[in-house]
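The next block holds one structure in the form of structure tokens; read it before the comments.
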Amino acid sequence: MNNYYIVLLVLLPITLFAQSERYTKGAENGYTWIRMEDPSQYYSTSKETYLSSILERYRLTQEKHPEISSLSCKEDMEKLAWEGKSNKISLEDVVEEIDVFYSRSDNMIIPIIFAYCYSIKKLAGTGIKELNSYKEEVLLFCEE
């Protein structure tokens, strides 16, 4: 029985640390996103389906969280629609952009919803200076 407690004491902190790394302010971040690529992990959905579920939750909760709304990409999405580009961008295109975003280790703590918005802004033609400014705002939000 003593061995059971020793194993529990060793594994519990490891498990707790791994779970907390995957969230920033309660939202799934880049560590969660990258984890979906691990073939030893079981995920019943693709990144596209996973992203769709995050977007649905975001849509339902953004009114309750004005701090999230201030970092949204609603205007960029409207710009894409107004320019007739939104029909030419697939969810797979956005997933590829998010993959590129999370290829940088300093972006890993950023919640997936903000990586999505960064990608939408990029696809909408936002300049690099503005993209960097947006990313800095998001990082400040994450560190608060």
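Here's how to read the names in the structure tokens: chain A, B, ... by the order shown, residue numbers from 1 in each chain, ligand numbers from 1 in the order shown.
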
Please identify every residue of segment 64-90 of chain A that has at least one atom no farther than 10 Å from an atom of segment 123-134 of chain A, counting only C-alpha atoms, and for each give the shortest atom pair and the distance in Å to one decimal, arranged by chain then increasing number, as a tab-separated table.
```
residue	atom	partner	partner_atom	distance
A:Leu71	CA	A:Tyr134	CA	7.8
A:Ser72	CA	A:Tyr134	CA	9.9
A:Cys73	CA	A:Ala124	CA	10.0
A:Glu75	CA	A:Ala124	CA	9.8
A:Asp76	CA	A:Ala124	CA	6.1
A:Met77	CA	A:Ala124	CA	7.6
A:Glu78	CA	A:Ala124	CA	9.5
A:Lys79	CA	A:Ala124	CA	7.0
A:Leu80	CA	A:Ala124	CA	5.9
A:Ala81	CA	A:Ala124	CA	9.6
A:Glu83	CA	A:Ala124	CA	9.3
A:Lys85	CA	A:Ala124	CA	8.3
A:Ser86	CA	A:Ala124	CA	9.0
A:Ile89	CA	A:Leu123	CA	8.3
```

Take the residues from that selection and put them in a file with N, CA and C atoms, as a short mmCIF file (atom, residue, chain, number, x, y, z; two decimals), in the first residue's frame.
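Below is the file result.cif, written as the result:
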```
data_model
loop_
_atom_site.label_atom_id
_atom_site.label_comp_id
_atom_site.auth_asym_id
_atom_site.auth_seq_id
_atom_site.Cartn_x
_atom_site.Cartn_y
_atom_site.Cartn_z
N LEU A 71 -10.76 42.24 -27.75
CA LEU A 71 -9.67 41.61 -28.51
C LEU A 71 -10.22 40.75 -29.65
N SER A 72 -11.47 40.95 -30.00
CA SER A 72 -12.08 40.12 -31.02
C SER A 72 -11.61 40.51 -32.43
N CYS A 73 -12.10 39.77 -33.39
CA CYS A 73 -11.76 40.04 -34.79
C CYS A 73 -13.02 40.21 -35.62
N GLU A 75 -14.56 42.86 -36.66
CA GLU A 75 -14.42 43.82 -37.76
C GLU A 75 -13.67 43.20 -38.94
N ASP A 76 -12.67 42.39 -38.64
CA ASP A 76 -11.90 41.74 -39.70
C ASP A 76 -12.75 40.71 -40.44
N MET A 77 -13.60 40.01 -39.71
CA MET A 77 -14.50 39.04 -40.34
C MET A 77 -15.50 39.77 -41.23
N GLU A 78 -15.99 40.90 -40.75
CA GLU A 78 -16.92 41.70 -41.56
C GLU A 78 -16.22 42.24 -42.80
N LYS A 79 -14.96 42.64 -42.66
CA LYS A 79 -14.19 43.14 -43.81
C LYS A 79 -14.05 42.05 -44.87
N LEU A 80 -13.72 40.83 -44.43
CA LEU A 80 -13.60 39.71 -45.37
C LEU A 80 -14.93 39.45 -46.08
N ALA A 81 -16.01 39.52 -45.33
CA ALA A 81 -17.33 39.29 -45.94
C ALA A 81 -17.67 40.41 -46.91
N GLU A 83 -15.68 42.32 -48.59
CA GLU A 83 -14.83 42.23 -49.78
C GLU A 83 -15.09 40.96 -50.59
N LYS A 85 -14.37 37.93 -49.70
CA LYS A 85 -13.27 36.97 -49.53
C LYS A 85 -13.61 35.84 -48.55
N SER A 86 -14.63 36.04 -47.73
CA SER A 86 -14.92 35.05 -46.69
C SER A 86 -15.29 33.69 -47.26
N ILE A 89 -12.16 31.52 -48.06
CA ILE A 89 -11.31 31.07 -46.95
C ILE A 89 -12.02 29.92 -46.26
#
```

Residues within 12 Å of Pro111 of chain A, only C-alpha atoms, excluding chain neighbours under 4 positions, as a count of residues only: 33

Expected answer as a ChimeraX atom specification: helix (DSSP H, G or I) residues in segment 15-143 of chain A: /A:15-21,30-35,47-61,66-69,74-82,86-88,91-101,105-107,112-123,128-143

Non-local contacts of Ser46 of chain A (12 Å; only C-alpha atoms; under 2 positions in same chain excluded) as a ChimeraX atom specification: /A:33,35-37,42-44,48-53,91-92,95

File dump, residues just selected, C-alpha atoms, as a short mmCIF file (atom, residue, chain, number, x, y, z; two decimals), in the first residue's frame:
```cif
data_model
loop_
_atom_site.label_atom_id
_atom_site.label_comp_id
_atom_site.auth_asym_id
_atom_site.auth_seq_id
_atom_site.Cartn_x
_atom_site.Cartn_y
_atom_site.Cartn_z
CA TRP A 33 -3.71 22.83 -30.01
CA ARG A 35 -1.33 18.24 -28.35
CA MET A 36 -3.94 17.31 -30.97
CA GLU A 37 -1.07 16.38 -33.29
CA TYR A 42 -7.02 10.19 -28.65
CA TYR A 43 -9.11 13.01 -30.00
CA SER A 44 -12.49 12.28 -31.44
CA GLU A 48 -11.48 21.97 -37.73
CA THR A 49 -14.27 20.52 -35.60
CA TYR A 50 -12.45 21.49 -32.43
CA LEU A 51 -12.04 25.06 -33.68
CA SER A 52 -15.73 25.20 -34.62
CA SER A 53 -16.70 24.23 -31.08
CA LEU A 91 -11.72 26.45 -42.00
CA GLU A 92 -8.74 24.39 -43.15
CA VAL A 95 -6.28 25.86 -39.12
#
```

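Taking atom CA of Arg57 of chain A and atom CA of Glu136 of chain A as the two end points, the separation is 23.9 Å.
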
Among the residues A:Leu60, A:Ser103, A:Glu97, A:Gly84, the one that comes closest to Lys121 of chain A [using only C-alpha atoms]: A:Glu97

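Atom CA of Ser119 of chain A is positioned 15.9 Å from atom CA of Asp106 of chain A.
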
Length of the atom CA of Arg59 of chain A to atom CA of Ile112 of chain A vector [Å]: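 One can read the atom CA of Arg59 of chain A to atom CA of Ile112 of chain A distance as 13.7 Å.
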